[in-house]
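Participant: What follows is my_file-v7.csv; its format and atoms are CSV, C-alpha atoms and all ligand atoms.
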chain,number,residue,atom,x,y,z
A,125,MET,CA,-1.2,-20.3,18.1
A,126,LYS,CA,2.3,-19.9,19.5
A,127,ILE,CA,4.9,-19.3,16.8
A,128,GLU,CA,8.6,-19.5,17.6
A,129,THR,CA,10.6,-16.3,17.3
A,130,LYS,CA,14.4,-16.5,17.6
A,131,GLU,CA,17.0,-13.8,18.0
A,132,ILE,CA,19.8,-13.9,15.5
A,133,SER,CA,23.3,-13.2,16.8
A,134,LEU,CA,26.0,-12.0,14.4
A,135,PRO,CA,29.0,-9.7,14.9
A,136,VAL,CA,27.5,-7.1,12.5
A,137,LEU,CA,24.4,-6.8,14.6
A,138,LYS,CA,26.4,-6.3,17.7
A,139,GLU,CA,28.6,-3.8,16.1
A,140,LYS,CA,25.6,-1.8,14.8
A,141,GLU,CA,23.6,-2.2,18.0
A,142,VAL,CA,20.6,-3.6,16.1
A,143,ARG,CA,18.6,-6.6,17.3
A,144,LEU,CA,17.3,-9.0,14.7
A,145,PHE,CA,14.6,-11.6,15.3
A,146,ILE,CA,13.1,-14.1,12.9
A,147,LYS,CA,9.6,-15.4,13.3
A,148,ARG,CA,9.4,-19.0,12.1
A,149,ILE,CA,6.0,-19.2,10.5
A,150,ASP,CA,7.6,-21.7,8.2
A,151,LYS,CA,7.4,-24.1,11.1
A,152,ILE,CA,3.7,-24.0,11.7
A,153,HIS,CA,3.1,-26.7,9.2
A,154,PRO,CA,5.5,-29.1,7.5
A,155,PHE,CA,3.9,-28.9,4.1
A,156,VAL,CA,1.5,-25.9,3.9
A,157,SER,CA,4.4,-24.0,5.1
A,158,GLY,CA,4.4,-20.4,6.2
A,159,ASN,CA,2.3,-17.7,4.8
A,160,LYS,CA,0.3,-19.9,2.5
A,161,TRP,CA,-1.3,-21.6,5.6
A,162,PHE,CA,-2.6,-18.2,6.8
A,163,LYS,CA,-3.7,-17.2,3.3
A,164,LEU,CA,-5.7,-20.4,2.8
A,165,LYS,CA,-7.2,-20.6,6.2
A,166,TYR,CA,-10.3,-18.4,5.6
A,167,ASN,CA,-10.6,-19.4,2.0
A,168,LEU,CA,-11.0,-23.1,3.1
A,169,LEU,CA,-13.8,-22.0,5.5
A,170,GLU,CA,-15.4,-20.0,2.8
A,171,ALA,CA,-15.4,-22.9,0.3
A,172,GLU,CA,-17.0,-25.0,2.9
A,173,LYS,CA,-19.6,-22.4,3.6
A,174,GLN,CA,-20.4,-22.2,-0.1
A,175,GLY,CA,-20.8,-25.9,-0.2
A,176,LEU,CA,-18.0,-26.3,-2.8
A,177,ASN,CA,-15.9,-29.4,-2.5
A,178,THR,CA,-13.3,-28.6,-5.1
A,179,LEU,CA,-10.6,-25.9,-5.0
A,180,LEU,CA,-9.1,-24.7,-8.3
A,181,THR,CA,-6.0,-22.6,-8.5
A,182,PHE,CA,-3.1,-21.6,-10.7
A,183,GLY,CA,0.7,-21.7,-10.4
A,184,GLY,CA,4.1,-22.3,-11.9
A,185,ALA,CA,5.7,-25.7,-11.8
A,186,TYR,CA,7.6,-25.0,-8.6
A,187,SER,CA,4.8,-23.0,-6.8
A,188,ASN,CA,4.7,-23.0,-3.0
A,189,HIS,CA,1.0,-22.1,-3.4
A,190,ILE,CA,0.3,-25.2,-5.6
A,191,ALA,CA,1.9,-27.5,-3.0
A,192,ALA,CA,0.1,-25.8,-0.1
A,193,THR,CA,-3.3,-25.8,-1.8
A,194,ALA,CA,-2.9,-29.5,-2.7
A,195,PHE,CA,-2.0,-30.5,0.8
A,196,ALA,CA,-4.6,-28.3,2.5
A,197,ALA,CA,-7.4,-29.6,0.3
A,198,HIS,CA,-6.3,-33.2,0.9
A,199,GLU,CA,-6.3,-32.6,4.6
A,200,LYS,CA,-9.8,-31.2,4.5
A,201,GLY,CA,-11.0,-34.1,2.4
A,202,ILE,CA,-11.9,-32.0,-0.6
A,203,LYS,CA,-10.7,-32.1,-4.2
A,204,SER,CA,-8.2,-29.8,-5.8
A,205,ILE,CA,-7.2,-28.8,-9.3
A,206,GLY,CA,-4.0,-27.1,-10.3
A,207,ILE,CA,-3.7,-25.2,-13.6
A,208,ILE,CA,0.0,-25.2,-14.3
A,209,ARG,CA,1.8,-22.8,-16.5
A,210,GLY,CA,3.8,-24.4,-19.3
A,211,GLU,CA,4.2,-28.0,-20.5
A,212,GLU,CA,4.4,-31.2,-18.5
A,213,HIS,CA,7.9,-32.4,-17.9
A,214,LEU,CA,8.5,-35.9,-16.8
A,215,PRO,CA,9.6,-37.1,-14.4
A,216,LEU,CA,7.6,-34.6,-12.4
A,217,ASN,CA,9.6,-32.2,-10.2
A,218,PRO,CA,9.2,-32.6,-6.4
A,219,THR,CA,6.5,-29.8,-6.2
A,220,LEU,CA,4.2,-31.3,-8.7
A,221,ARG,CA,4.9,-34.9,-7.5
A,222,PHE,CA,3.8,-33.7,-4.1
A,223,ALA,CA,0.7,-32.1,-5.5
A,224,ILE,CA,-0.3,-35.3,-7.3
A,225,ASP,CA,0.5,-37.4,-4.2
A,226,ASN,CA,-2.0,-35.2,-2.4
A,227,GLY,CA,-4.7,-35.9,-4.9
A,228,MET,CA,-4.4,-32.7,-6.9
A,229,LYS,CA,-5.5,-33.0,-10.5
A,230,LEU,CA,-3.0,-31.1,-12.7
A,231,ARG,CA,-3.7,-29.5,-16.0
A,232,TYR,CA,-1.0,-27.8,-18.1
A,233,ILE,CA,-1.7,-24.7,-20.2
A,234,SER,CA,0.6,-22.8,-22.5
A,235,ARG,CA,2.2,-19.6,-21.3
A,236,SER,CA,0.0,-17.6,-23.6
A,237,ASN,CA,-3.2,-19.1,-22.4
A,238,TYR,CA,-2.0,-18.8,-18.8
A,239,LYS,CA,-2.1,-15.0,-19.2
A,240,LYS,CA,-5.8,-15.3,-20.0
A,241,LYS,CA,-6.5,-17.5,-17.0
A,242,THR,CA,-8.7,-15.1,-15.2
A,243,SER,CA,-11.0,-14.1,-18.1
A,244,ALA,CA,-14.6,-15.0,-17.8
A,245,ASN,CA,-14.5,-17.3,-20.9
A,246,PHE,CA,-11.6,-19.2,-19.6
A,247,LEU,CA,-13.1,-19.8,-16.2
A,248,GLU,CA,-16.4,-20.8,-17.8
A,249,ALA,CA,-14.5,-23.4,-19.9
A,250,LEU,CA,-12.9,-24.7,-16.7
A,251,LYS,CA,-16.3,-25.0,-15.0
A,252,ASN,CA,-17.6,-26.9,-18.0
A,253,GLN,CA,-14.7,-29.3,-17.7
A,254,PHE,CA,-14.4,-29.7,-14.0
A,255,GLY,CA,-17.8,-28.7,-12.5
A,256,ASP,CA,-18.2,-26.1,-9.9
A,257,PHE,CA,-15.2,-25.1,-7.9
A,258,TYR,CA,-14.0,-22.5,-5.4
A,259,LEU,CA,-11.5,-20.3,-7.2
A,260,ILE,CA,-8.3,-19.2,-5.6
A,261,HIS,CA,-6.1,-17.0,-7.8
A,262,GLU,CA,-2.4,-17.5,-8.5
A,263,GLY,CA,-0.5,-16.9,-5.3
A,264,GLY,CA,-3.7,-17.1,-3.3
A,265,THR,CA,-4.2,-13.4,-2.6
A,266,ASN,CA,-7.7,-12.1,-1.9
A,267,GLU,CA,-9.6,-10.4,0.9
A,268,LEU,CA,-9.8,-13.6,2.9
A,269,ALA,CA,-6.1,-14.3,2.4
A,270,ILE,CA,-5.3,-10.8,3.7
A,271,GLN,CA,-7.5,-11.4,6.7
A,272,GLY,CA,-5.7,-14.6,7.4
A,273,ALA,CA,-2.2,-13.0,7.0
A,274,LYS,CA,-3.2,-10.5,9.6
A,275,GLU,CA,-2.9,-13.2,12.2
A,276,ILE,CA,0.8,-13.7,11.4
A,277,LEU,CA,1.5,-10.9,13.9
A,278,ASP,CA,0.5,-10.9,17.5
A,279,LYS,CA,0.8,-8.6,20.5
A,280,ASN,CA,4.4,-9.8,21.2
A,281,ASP,CA,5.7,-8.5,17.9
A,282,ILE,CA,6.7,-5.1,19.1
A,283,GLN,CA,9.9,-4.6,17.0
A,284,ASP,CA,10.5,-1.3,15.3
A,285,TYR,CA,10.8,-2.8,11.8
A,286,ILE,CA,8.9,-5.8,10.4
A,287,CYS,CA,10.4,-7.3,7.2
A,288,CYS,CA,8.6,-9.5,4.9
A,289,PRO,CA,9.2,-11.0,1.4
A,290,VAL,CA,6.7,-10.0,-1.2
A,291,GLY,CA,5.1,-11.7,-4.2
A,292,THR,CA,1.5,-10.7,-4.9
A,293,GLY,CA,1.5,-8.6,-1.7
A,294,GLY,CA,-1.3,-10.4,0.2
A,295,THR,CA,0.9,-11.4,3.1
A,296,ILE,CA,2.5,-8.0,3.6
A,297,ALA,CA,-1.0,-6.4,3.4
A,298,GLY,CA,-2.1,-8.5,6.3
A,299,ILE,CA,1.0,-7.7,8.2
A,300,ILE,CA,0.5,-4.0,7.6
A,301,ASN,CA,-3.0,-4.2,8.8
A,302,ALA,CA,-1.8,-5.9,12.0
A,303,SER,CA,1.1,-3.5,12.6
A,304,ASN,CA,0.8,-0.3,14.7
A,305,ASP,CA,1.8,3.0,13.2
A,306,GLN,CA,5.0,3.2,15.3
A,307,GLN,CA,6.3,0.3,13.3
A,308,THR,CA,7.7,0.3,9.8
A,309,VAL,CA,6.9,-2.6,7.6
A,310,ILE,CA,9.6,-3.2,4.9
A,311,GLY,CA,8.7,-5.3,1.9
A,312,PHE,CA,11.4,-7.2,-0.1
A,313,PRO,CA,9.8,-7.9,-3.5
A,314,ALA,CA,10.8,-11.2,-5.1
A,315,ILE,CA,9.7,-9.8,-8.5
A,316,LYS,CA,11.1,-6.9,-10.4
A,317,GLY,CA,8.9,-3.8,-10.7
A,318,PHE,CA,6.4,-3.1,-8.1
A,319,GLU,CA,4.3,-0.1,-9.2
A,320,GLN,CA,1.2,-2.3,-9.5
A,321,LEU,CA,2.0,-3.8,-6.1
A,322,GLU,CA,2.1,-0.4,-4.5
A,323,LYS,CA,-1.4,0.4,-5.9
A,324,ASP,CA,-2.7,-3.0,-4.7
A,325,ILE,CA,-1.3,-2.4,-1.2
A,326,ASN,CA,-3.0,1.0,-1.1
A,327,ASN,CA,-6.3,-0.7,-1.9
A,328,TRP,CA,-5.9,-3.5,0.6
A,329,THR,CA,-4.6,-1.4,3.5
A,330,ASN,CA,-4.9,2.2,4.7
A,331,ALA,CA,-1.6,2.3,6.4
A,332,THR,CA,1.3,4.6,5.4
A,333,ASN,CA,4.0,2.8,7.4
A,334,CYS,CA,5.2,0.5,4.6
A,335,ILE,CA,8.1,0.8,2.2
A,336,PHE,CA,9.4,-1.6,-0.5
A,337,ILE,CA,13.1,-2.1,-1.1
A,338,ASN,CA,13.8,-3.5,-4.5
A,339,ASP,CA,17.6,-3.7,-4.3
A,340,TYR,CA,17.8,-7.3,-3.4
A,341,VAL,CA,15.7,-9.0,-6.0
A,342,GLY,CA,18.8,-9.8,-8.0
A,343,ASN,CA,18.1,-10.7,-11.7
A,344,GLY,CA,14.4,-11.2,-10.9
A,345,TYR,CA,11.9,-13.8,-9.8
A,346,ALA,CA,13.4,-17.1,-9.0
A,347,LYS,CA,16.7,-16.1,-10.5
A,348,ILE,CA,19.5,-17.1,-8.2
A,349,ASN,CA,23.2,-16.7,-8.2
A,350,LYS,CA,26.1,-18.2,-6.4
A,351,ASP,CA,26.3,-15.6,-3.7
A,352,LEU,CA,22.8,-16.3,-2.7
A,353,VAL,CA,23.3,-20.0,-2.5
A,354,VAL,CA,26.5,-19.5,-0.4
A,355,PHE,CA,24.6,-17.1,1.8
A,356,ILE,CA,21.7,-19.5,2.4
A,357,ASN,CA,24.0,-22.4,3.2
A,358,GLU,CA,26.2,-20.4,5.5
A,359,PHE,CA,23.2,-19.0,7.3
A,360,ASN,CA,21.8,-22.4,7.8
A,361,ALA,CA,25.2,-23.7,9.1
A,362,ARG,CA,25.5,-20.9,11.5
A,363,HIS,CA,21.9,-20.4,12.8
A,364,ASN,CA,20.3,-23.7,11.9
A,365,ILE,CA,17.6,-21.8,10.0
A,366,PRO,CA,16.9,-22.9,6.4
A,367,LEU,CA,16.0,-20.2,4.0
A,368,ASP,CA,14.5,-20.5,0.5
A,369,THR,CA,16.0,-19.1,-2.7
A,370,ILE,CA,13.1,-17.1,-4.0
A,371,TYR,CA,11.8,-15.2,-1.0
A,372,THR,CA,13.4,-15.5,2.4
A,373,GLY,CA,17.0,-15.9,1.3
A,374,LYS,CA,16.9,-12.7,-0.7
A,375,MET,CA,15.1,-10.9,2.1
A,376,MET,CA,17.6,-12.0,4.8
A,377,MET,CA,20.6,-11.0,2.6
A,378,GLY,CA,18.9,-7.7,2.1
A,379,ILE,CA,18.3,-7.1,5.8
A,380,LEU,CA,21.9,-7.9,6.8
A,381,ASP,CA,23.1,-5.6,4.0
A,382,LEU,CA,20.9,-2.8,5.3
A,383,VAL,CA,22.3,-3.4,8.8
A,384,ALA,CA,25.8,-3.1,7.4
A,385,ILE,CA,25.1,0.1,5.7
A,386,ASP,CA,23.5,1.7,8.8
A,387,TYR,CA,20.0,1.8,7.4
A,388,PHE,CA,18.6,0.9,10.8
A,389,PRO,CA,19.3,3.4,13.7
A,390,LYS,CA,21.3,2.2,16.6
A,391,GLY,CA,19.1,0.6,19.3
A,392,SER,CA,16.4,-0.5,16.9
A,393,SER,CA,14.9,-3.9,16.5
A,394,ILE,CA,13.8,-5.9,13.5
A,395,LEU,CA,11.4,-8.8,13.1
A,396,ALA,CA,11.9,-10.8,9.9
A,397,ILE,CA,9.1,-13.0,8.9
A,398,HIS,CA,10.2,-16.4,7.7
A,399,THR,CA,7.3,-17.1,5.3
A,400,GLY,CA,8.4,-20.6,4.4
A,401,GLY,CA,8.9,-21.8,0.8
A,402,LEU,CA,11.3,-24.5,1.7
A,403,GLN,CA,9.5,-27.1,-0.4
A,404,GLY,CA,10.9,-25.2,-3.4
A,405,ASN,CA,14.5,-25.8,-2.4
A,406,LYS,CA,14.2,-29.4,-3.4
A,407,GLY,CA,13.2,-28.6,-7.0
A,408,MET,CA,15.7,-25.8,-7.2
A,409,SER,CA,18.6,-28.0,-6.0
A,410,GLU,CA,17.7,-30.8,-8.4
A,411,ARG,CA,17.3,-28.5,-11.3
A,412,LEU,CA,20.6,-26.7,-10.8
A,413,GLY,CA,22.6,-29.5,-9.2
A,414,ILE,CA,23.4,-27.4,-6.2
A,415,SER,CA,23.1,-28.1,-2.5
A,416,LEU,CA,20.5,-26.2,-0.4
A,417,PRO,CA,19.0,-26.8,3.0
A,418,LEU,CA,15.8,-28.9,2.6
A,419,GLU,CA,14.1,-28.5,5.9
B,501,LIG,C1,4.1,-17.0,-1.7
B,501,LIG,C2,5.2,-16.6,-0.9
B,501,LIG,C3,5.5,-15.3,-0.5
B,501,LIG,C4,4.8,-14.1,-1.1
B,501,LIG,O1,3.5,-14.0,-0.6
B,501,LIG,P1,2.5,-12.9,-1.2
B,501,LIG,O2,1.3,-12.9,-0.3
B,501,LIG,O3,2.2,-13.4,-2.6
B,501,LIG,O4,3.2,-11.6,-1.3
B,501,LIG,C5,6.6,-15.0,0.3
B,501,LIG,N1,7.3,-16.1,0.8
B,501,LIG,C6,7.1,-17.3,0.5
B,501,LIG,C7,7.9,-18.4,1.1
B,501,LIG,C8,6.0,-17.7,-0.3
B,501,LIG,O5,5.8,-18.9,-0.6
Could you write out this structure as structure tokens?
Facilitator:
Amino acid sequence: MKIETKEISLPVLKEKEVRLFIKRIDKIHPFVSGNKWFKLKYNLLEAEKQGLNTLLTFGGAYSNHIAATAFAAHEKGIKSIGIIRGEEHLPLNPTLRFAIDNGMKLRYISRSNYKKKTSANFLEALKNQFGDFYLIHEGGTNELAIQGAKEILDKNDIQDYICCPVGTGGTIAGIINASNDQQTVIGFPAIKGFEQLEKDINNWTNATNCIFINDYVGNGYAKINKDLVVFINEFNARHNIPLDTIYTGKMMMGILDLVAIDYFPKGSSILAIHTGGLQGNKGMSERLGISLPLE
């Protein structure tokens, strides 16, 4: 698959003699956007192999993973069930509306029950209620997802640094596994605190060429401020590349800040992975009454 990579031109990059490229995996599919497509790829094949015609997964009310799973299941002609954290709010937000339009059955559970969602008892109760299903965990990370994410990089991706936003870490694990040891993979966590994440990454990969930079997460997961919104809109106006508020916007702000403070040596090149997430901008802009690029 050919994925578009575009070079970004900005005065600060020229001044610092650093080249920045963005790999638009957000464009590979209009709805199963970005990294979730790669993460689901081998899981869908595995569900088929096991003869299971229902996917069940978990997520918050604005989850990219919920939207992607609903669409992917619909496209494959199988059923999907989404276990959603928190109460139902009507009218449905654009993410959940989209999930339902793609045939996903939604079930809401309290935040306290949501924490127990992977316990054997809880899963057993779900099986009693819905019948057999292929389970995909929140965020979609497992061995098969990491195998899929490895395909995000190809032989043309020879930059010195590869930057990727990080949630559960499955995507960056695949990228690390696909990178060579001359390259440095930089993760920009979207969630505060990443000790567990570092342990997970050590289990999923055996590379040592990865670092996490936690300075650009702001006030935490899905917390946004005016600077970020302004940045995203300016970036889109200038480069015609929409970024999302939870993952790619914060990463790109981080990369450009690191360029400005001479983090990257002169002459080096950076590849930023645009992991997608744009479906979330709709809900975010409705909820906060702000304007964001939608596609
Ligand atoms: C889910 C998601 C991520 C995080 O992926 P993980 O594999 O959970 O680390 C990054 N970017 C976007 C746009 C996402 O939707």
Participant: In terms of the shortest atom-to-atom distance over only C-alpha atoms, which of A:Asn266, A:Ser415, A:Gln403, A:Ser243 is closest to Leu220 in chain A?
Facilitator: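 Answer, going by the shortest atom-to-atom distance: A:Gln403.
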Participant: Name each residue within 9 Å of ligand LIG 501 (chain B), counting only C-alpha atoms and all ligand atoms, as an NGL selection string.
Facilitator: :A and (150 or 157-160 or 163 or 187-189 or 192 or 262-265 or 269-270 or 273 or 288-298 or 311 or 313-314 or 367-372 or 397-404)
Participant: Restrict the selected residues to C-alpha atoms and save them as a PDB file, keeping the file's coordinate frame.
Facilitator:
ATOM      1  CA  ASP A 150       7.600 -21.700   8.200  1.00  0.00           C
ATOM      2  CA  SER A 157       4.400 -24.000   5.100  1.00  0.00           C
ATOM      3  CA  GLY A 158       4.400 -20.400   6.200  1.00  0.00           C
ATOM      4  CA  ASN A 159       2.300 -17.700   4.800  1.00  0.00           C
ATOM      5  CA  LYS A 160       0.300 -19.900   2.500  1.00  0.00           C
ATOM      6  CA  LYS A 163      -3.700 -17.200   3.300  1.00  0.00           C
ATOM      7  CA  SER A 187       4.800 -23.000  -6.800  1.00  0.00           C
ATOM      8  CA  ASN A 188       4.700 -23.000  -3.000  1.00  0.00           C
ATOM      9  CA  HIS A 189       1.000 -22.100  -3.400  1.00  0.00           C
ATOM     10  CA  ALA A 192       0.100 -25.800  -0.100  1.00  0.00           C
ATOM     11  CA  GLU A 262      -2.400 -17.500  -8.500  1.00  0.00           C
ATOM     12  CA  GLY A 263      -0.500 -16.900  -5.300  1.00  0.00           C
ATOM     13  CA  GLY A 264      -3.700 -17.100  -3.300  1.00  0.00           C
ATOM     14  CA  THR A 265      -4.200 -13.400  -2.600  1.00  0.00           C
ATOM     15  CA  ALA A 269      -6.100 -14.300   2.400  1.00  0.00           C
ATOM     16  CA  ILE A 270      -5.300 -10.800   3.700  1.00  0.00           C
ATOM     17  CA  ALA A 273      -2.200 -13.000   7.000  1.00  0.00           C
ATOM     18  CA  CYS A 288       8.600  -9.500   4.900  1.00  0.00           C
ATOM     19  CA  PRO A 289       9.200 -11.000   1.400  1.00  0.00           C
ATOM     20  CA  VAL A 290       6.700 -10.000  -1.200  1.00  0.00           C
ATOM     21  CA  GLY A 291       5.100 -11.700  -4.200  1.00  0.00           C
ATOM     22  CA  THR A 292       1.500 -10.700  -4.900  1.00  0.00           C
ATOM     23  CA  GLY A 293       1.500  -8.600  -1.700  1.00  0.00           C
ATOM     24  CA  GLY A 294      -1.300 -10.400   0.200  1.00  0.00           C
ATOM     25  CA  THR A 295       0.900 -11.400   3.100  1.00  0.00           C
ATOM     26  CA  ILE A 296       2.500  -8.000   3.600  1.00  0.00           C
ATOM     27  CA  ALA A 297      -1.000  -6.400   3.400  1.00  0.00           C
ATOM     28  CA  GLY A 298      -2.100  -8.500   6.300  1.00  0.00           C
ATOM     29  CA  GLY A 311       8.700  -5.300   1.900  1.00  0.00           C
ATOM     30  CA  PRO A 313       9.800  -7.900  -3.500  1.00  0.00           C
ATOM     31  CA  ALA A 314      10.800 -11.200  -5.100  1.00  0.00           C
ATOM     32  CA  LEU A 367      16.000 -20.200   4.000  1.00  0.00           C
ATOM     33  CA  ASP A 368      14.500 -20.500   0.500  1.00  0.00           C
ATOM     34  CA  THR A 369      16.000 -19.100  -2.700  1.00  0.00           C
ATOM     35  CA  ILE A 370      13.100 -17.100  -4.000  1.00  0.00           C
ATOM     36  CA  TYR A 371      11.800 -15.200  -1.000  1.00  0.00           C
ATOM     37  CA  THR A 372      13.400 -15.500   2.400  1.00  0.00           C
ATOM     38  CA  ILE A 397       9.100 -13.000   8.900  1.00  0.00           C
ATOM     39  CA  HIS A 398      10.200 -16.400   7.700  1.00  0.00           C
ATOM     40  CA  THR A 399       7.300 -17.100   5.300  1.00  0.00           C
ATOM     41  CA  GLY A 400       8.400 -20.600   4.400  1.00  0.00           C
ATOM     42  CA  GLY A 401       8.900 -21.800   0.800  1.00  0.00           C
ATOM     43  CA  LEU A 402      11.300 -24.500   1.700  1.00  0.00           C
ATOM     44  CA  GLN A 403       9.500 -27.100  -0.400  1.00  0.00           C
ATOM     45  CA  GLY A 404      10.900 -25.200  -3.400  1.00  0.00           C
TER      46      GLY A 404
END
Participant: Kindly indicate which residue among A:Pro215, A:Ile260, A:Gly373, A:Tyr285 lies nearest to Phe359 in chain A, using only C-alpha atoms for the distances.
Facilitator: A:Gly373
Participant: Write out as a PyMOL selection string the residues lying within 8 Å of Phe312 in chain A, counting only C-alpha atoms and excluding same-chain residues fewer than 2 positions away.
Facilitator: chain A and resi 287-290+310+314+336-338+340-341+374-375+378
Participant: Identify the residues within 8 Å of coordinate (13.6, -29.7, -0.8) (same frame as the file), considering only C-alpha atoms, and give the answer as an MDAnalysis selection string.
Facilitator: chainID A and resid 218 402:409 416:419
Participant: Could those selected residues go to a file with C-alpha atoms, as a PDB file, keeping the file's coordinate frame?
Facilitator:
ATOM      1  CA  PRO A 218       9.200 -32.600  -6.400  1.00  0.00           C
ATOM      2  CA  LEU A 402      11.300 -24.500   1.700  1.00  0.00           C
ATOM      3  CA  GLN A 403       9.500 -27.100  -0.400  1.00  0.00           C
ATOM      4  CA  GLY A 404      10.900 -25.200  -3.400  1.00  0.00           C
ATOM      5  CA  ASN A 405      14.500 -25.800  -2.400  1.00  0.00           C
ATOM      6  CA  LYS A 406      14.200 -29.400  -3.400  1.00  0.00           C
ATOM      7  CA  GLY A 407      13.200 -28.600  -7.000  1.00  0.00           C
ATOM      8  CA  MET A 408      15.700 -25.800  -7.200  1.00  0.00           C
ATOM      9  CA  SER A 409      18.600 -28.000  -6.000  1.00  0.00           C
ATOM     10  CA  LEU A 416      20.500 -26.200  -0.400  1.00  0.00           C
ATOM     11  CA  PRO A 417      19.000 -26.800   3.000  1.00  0.00           C
ATOM     12  CA  LEU A 418      15.800 -28.900   2.600  1.00  0.00           C
ATOM     13  CA  GLU A 419      14.100 -28.500   5.900  1.00  0.00           C
TER      14      GLU A 419
END
Participant: Kindly give the distance, in Å, that separates CA of Ala196 in chain A and CA of Leu259 in chain A, rounded to a single decimal.
Facilitator: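 Computed distance, CA of Ala196 in chain A to CA of Leu259 in chain A, equals 14.3 Å.
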Participant: Working from the structure I just supplied, which lacks atoms in range 390-401 of chain A, can you model N, CA, C and O atoms there and output them as an mmCIF file, keeping the file's coordinate frame?
Facilitator:
data_model
loop_
_atom_site.group_PDB
_atom_site.id
_atom_site.type_symbol
_atom_site.label_atom_id
_atom_site.label_comp_id
_atom_site.auth_asym_id
_atom_site.auth_seq_id
_atom_site.Cartn_x
_atom_site.Cartn_y
_atom_site.Cartn_z
ATOM 1 N N LYS A 390 20.788 2.872 15.451
ATOM 2 C CA LYS A 390 21.300 2.200 16.600
ATOM 3 C C LYS A 390 20.164 2.000 17.644
ATOM 4 O O LYS A 390 19.369 2.912 17.866
ATOM 5 N N GLY A 391 20.121 0.825 18.252
ATOM 6 C CA GLY A 391 19.100 0.600 19.300
ATOM 7 C C GLY A 391 17.790 0.073 18.726
ATOM 8 O O GLY A 391 16.890 -0.248 19.493
ATOM 9 N N SER A 392 17.675 -0.017 17.399
ATOM 10 C CA SER A 392 16.400 -0.500 16.900
ATOM 11 C C SER A 392 16.329 -1.990 16.760
ATOM 12 O O SER A 392 17.344 -2.688 16.810
ATOM 13 N N SER A 393 15.120 -2.479 16.627
ATOM 14 C CA SER A 393 14.900 -3.900 16.500
ATOM 15 C C SER A 393 14.133 -4.248 15.263
ATOM 16 O O SER A 393 13.313 -3.459 14.796
ATOM 17 N N ILE A 394 14.422 -5.426 14.741
ATOM 18 C CA ILE A 394 13.800 -5.900 13.500
ATOM 19 C C ILE A 394 13.215 -7.240 13.674
ATOM 20 O O ILE A 394 13.819 -8.112 14.303
ATOM 21 N N LEU A 395 12.041 -7.424 13.105
ATOM 22 C CA LEU A 395 11.400 -8.800 13.100
ATOM 23 C C LEU A 395 11.354 -9.180 11.597
ATOM 24 O O LEU A 395 10.713 -8.514 10.784
ATOM 25 N N ALA A 396 12.042 -10.272 11.250
ATOM 26 C CA ALA A 396 11.900 -10.800 9.900
ATOM 27 C C ALA A 396 10.950 -11.957 9.899
ATOM 28 O O ALA A 396 11.017 -12.831 10.764
ATOM 29 N N ILE A 397 10.035 -11.947 8.953
ATOM 30 C CA ILE A 397 9.100 -13.000 8.900
ATOM 31 C C ILE A 397 9.583 -14.118 7.956
ATOM 32 O O ILE A 397 9.812 -13.875 6.772
ATOM 33 N N HIS A 398 9.808 -15.295 8.525
ATOM 34 C CA HIS A 398 10.200 -16.400 7.700
ATOM 35 C C HIS A 398 8.915 -17.038 7.116
ATOM 36 O O HIS A 398 8.207 -17.786 7.787
ATOM 37 N N THR A 399 8.627 -16.685 5.862
ATOM 38 C CA THR A 399 7.300 -17.100 5.300
ATOM 39 C C THR A 399 7.304 -18.502 4.758
ATOM 40 O O THR A 399 6.270 -18.941 4.253
ATOM 41 N N GLY A 400 8.413 -19.217 4.838
ATOM 42 C CA GLY A 400 8.400 -20.600 4.400
ATOM 43 C C GLY A 400 9.010 -20.805 3.038
ATOM 44 O O GLY A 400 10.066 -20.246 2.748
ATOM 45 N N GLY A 401 8.369 -21.603 2.207
ATOM 46 C CA GLY A 401 8.900 -21.800 0.800
ATOM 47 C C GLY A 401 9.916 -22.857 0.695
ATOM 48 O O GLY A 401 10.508 -23.027 -0.378
#
